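Peer 1: Here it is, the structure in full.
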Amino acid sequence: MKNNILIIGGGPAGLEASAQLQRMGYNVILIEKSPKLGGHLAKWDRLFPDSVPADEVLGGLLRGTEGVKCFTDTDVRAINRLDKSYNVRLTNGITVLSDAVLVASGFDLFDAVKKEEYGYGIYDQVMTNADLEAYFKTGSDRRIENPGKIGFAHCVGSRDEKAGCRSCSKVCCATAVKQAIEMKQAFPKAEVYCFYMDLRLFGRHYEDIYLKAQKEYGVRFIRGRVAEVSENYDGTLLVKAEDTVAGKPLKVTLDLLVLMAGMRPSAAGKVIGDLLEMPAEEDGYFAVRSGIAAGQRSPIPGIFLAGAATGPKTLPETLADARAAAMEVDRYLTEIFPDAKNYKQLVKERW
């Protein structure tokens with residue numbers, strides 16, 4: 001018997017899990033609510049720490065899903081638990097009988113408008129990390145025209161009780177350093193500042209790009225949160241912060257301020273969670289059966305989780321998590337559908 005598996009979410013986690021499960025011999029149906037696959041990765045230009053083009057990584061993931069039934073502009077309308085499977089009605093009018101469901105709903109970026117003191121949506125020269133990455137990808141943004149002084153504010157919406165998120169988004173520090181280097185490459189004469197709480201550069205080679213930013217590009221790192229942003233009469237920004245190393249307040253006039261908006265649970269994922277009555281943690285991310293031993297299994301039988309659906313993750317972590325989720329799905333299905341083992345053995349022998 002060739003089991004059906006429905007994967008919800010066509011970002012990196014959904015794409016990688018689809019490829020792995022198809023190789024295992026399963027019939028995979030992948031749905032994505034947006035018009036195209038790729039999630040946030042499709043909007044990115046280059047990736048830390050090696051500045052690999054995001055399109056190259058995405059291209060590899062897409063090639064791995066050749067043969068997978070993919071539906072874009074599609075979401076779940078209803079989902080019902082049967083004996084050993086799920087009846088899922090999609091918004092494109094198709095109904096899928098799925099033996100397992102993998103939720104890879106990804107994340108949303110924190111809405112920087114909520115941090116009014118930073119002036120996003122109020123002052124023209126304030127933008128987010130996503131806005132800046134779009135500039136790198138397209139080469140066009142009316143806010144960027146040979147800036148002389150550029151600032152990066154870390155932890156916007158992350159590690160912030162008032163913003164409703166105490167956790168770290170993991171990627172913001174490395175992204176800020178990467179983008180600071182890229183701005184210096186684009187505008188060599190610019191002065192670049194990074195305002196941070198503390199730098200969390202835990203990945204392999206992440207520390208290297210931090211040292212590179214300092215030594216080769218002269219990026220200044222100031223330990224202290226941005227407290228307030230206002231606009232000067234000439235359209236430049238007055239940024240007030242505290243240099244906690246020097247122990248004194250600081251004022252800097254900038255031509256551009258980039259807010260490093262962190263990860264938040266996906267709104268689309270919450271809709272799926274509500275349909276399934278799937279429990280979530282206090283921070284809004286989905287709960288797993290065991291954070292150590294079963295990090296891809298939800299508390300509901302036959303429902304699995306991958307990627308940022310369970311919390312902030314880097315891209316390498318997301319891909320590794322997707323592969324682990326595929327293995328968990330395979331283990332589950334071979335337990336409840338013993339005939340699936342015979343089918344997979346036939347597939348293996350034929351190949």
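FYI, nothing fancy with the structure tokens labels: chains A, B, ... in order, residues from 1 per chain, ligands from 1 as they appear.
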Extract the full set of alpha helix (DSSP H) residues from range 47-168 of chain A according to DSSP on the backbone, and format it as an MDAnalysis selection string.
Peer 2: chainID A and resid 54:64 129:138
Peer 1: Report as CSV: every residue of range 107-175 of chain A with an atom at most 9 Å from range 29-53 of chain A, its closest pair of atoms, and their distance in Å to one decimal, counting only C-alpha atoms, with rows sorted by chain and ascending residue number.
Peer 2:
```
residue,atom,partner,partner_atom,distance
A:Phe107,CA,A:His40,CA,8.6
A:Asp108,CA,A:His40,CA,8.9
A:Ala130,CA,A:Trp44,CA,7.8
A:Glu133,CA,A:Trp44,CA,5.9
A:Ala134,CA,A:Lys43,CA,6.7
A:Tyr135,CA,A:Asp45,CA,8.8
A:Phe136,CA,A:Asp45,CA,6.1
A:Lys137,CA,A:Asp45,CA,4.9
A:Thr138,CA,A:Asp45,CA,8.7
A:Ala174,CA,A:Phe48,CA,6.8
A:Thr175,CA,A:Phe48,CA,6.7
```
Peer 1: Would you save the residues from that selection as a PDB file, in the first residue's frame, using C-alpha atoms?
Peer 2:
```pdb
ATOM      1  CA  PHE A 107       7.026  31.630  10.820  1.00  0.00           C
ATOM      2  CA  ASP A 108       5.967  35.247  10.427  1.00  0.00           C
ATOM      3  CA  ALA A 130      13.321  41.870   5.214  1.00  0.00           C
ATOM      4  CA  GLU A 133      17.149  41.913   1.881  1.00  0.00           C
ATOM      5  CA  ALA A 134      14.596  42.801  -0.798  1.00  0.00           C
ATOM      6  CA  TYR A 135      16.852  45.724  -1.734  1.00  0.00           C
ATOM      7  CA  PHE A 136      19.828  43.380  -2.072  1.00  0.00           C
ATOM      8  CA  LYS A 137      17.734  41.080  -4.246  1.00  0.00           C
ATOM      9  CA  THR A 138      16.231  43.742  -6.514  1.00  0.00           C
ATOM     10  CA  ALA A 174      24.051  36.676  12.211  1.00  0.00           C
ATOM     11  CA  THR A 175      21.677  38.345   9.744  1.00  0.00           C
TER      12      THR A 175
END
```
Peer 1: If we count only C-alpha atoms, what is near range 59-64 of chain A at a cut-off of 7 Å, once residues fewer than 3 positions away on the same chain are taken out, given as number ranges by chain?
Peer 2: A: 15-16, 19, 55-56
Peer 1: Restricting it to N, CA and C atoms, dump the selection as an mmCIF file, in the first residue's frame.
Peer 2:
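Produced file again.cif, reproduced below:
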```cif
data_model
loop_
_atom_site.group_PDB
_atom_site.id
_atom_site.type_symbol
_atom_site.label_atom_id
_atom_site.label_comp_id
_atom_site.auth_asym_id
_atom_site.auth_seq_id
_atom_site.Cartn_x
_atom_site.Cartn_y
_atom_site.Cartn_z
ATOM 1 N N LEU A 15 9.490 21.545 1.775
ATOM 2 C CA LEU A 15 10.131 21.048 0.554
ATOM 3 C C LEU A 15 11.081 19.897 0.864
ATOM 4 N N GLU A 16 11.898 20.059 1.888
ATOM 5 C CA GLU A 16 12.866 19.016 2.222
ATOM 6 C C GLU A 16 12.168 17.749 2.715
ATOM 7 N N ALA A 19 10.674 15.878 -0.277
ATOM 8 C CA ALA A 19 11.675 15.146 -1.047
ATOM 9 C C ALA A 19 12.078 13.858 -0.344
ATOM 10 N N ASP A 55 18.858 31.706 -3.976
ATOM 11 C CA ASP A 55 18.231 31.047 -5.124
ATOM 12 C C ASP A 55 18.858 29.688 -5.415
ATOM 13 N N GLU A 56 20.162 29.560 -5.157
ATOM 14 C CA GLU A 56 20.825 28.275 -5.380
ATOM 15 C C GLU A 56 20.289 27.211 -4.423
#
```
Peer 1: Contacts of Leu132 in chain A at 12 Å or less, counting only C-alpha atoms, minus same-chain residues fewer than 3 places along, as an NGL selection string?
Peer 2: :A and (43-46 or 125-129 or 135-144 or 150 or 152 or 175-176 or 178-180 or 182-183 or 256-261)
Peer 1: How many Å lie between CA of Leu58 in chain A and CA of Ile303 in chain A, rounded to one decimal?
Peer 2: 25.7 Å
Peer 1: Any idea what the distance is between CA of Ser290 in chain A and CA of Ile79 in chain A?
Peer 2: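 If I compute the distance from CA of Ser290 in chain A to CA of Ile79 in chain A, I get 24.3 Å.
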Peer 1: Could you name the residues that touch range 81-92 of chain A at 12 Å or less, counting only C-alpha atoms, but leaving out those on the same chain fewer than 6 positions away, as an NGL selection string?
Peer 2: :A and (3-8 or 29-33 or 70-75 or 98-102 or 272 or 275-277 or 300-303 or 332-333 or 335-337)
Peer 1: What is the distance, in Å and to one decimal place, between CA of Gly67 in chain A and CA of Leu315 in chain A?
Peer 2: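 Straight-line distance from CA of Gly67 in chain A to CA of Leu315 in chain A works out to 23.7 Å.
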Peer 1: So which one's closest to Cys155 in chain A, A:Gly262, A:Pro279, A:Gly235, A:Gly307? Using only C-alpha atoms, please.
Peer 2: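 Of all the options, A:Gly262 lies closest to Cys155 in chain A.
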Peer 1: Using only C-alpha atoms, which of A:Leu237, A:Ala324, A:Ala54, A:Val68 sits nearest Gly25 in chain A?
Peer 2: A:Val68
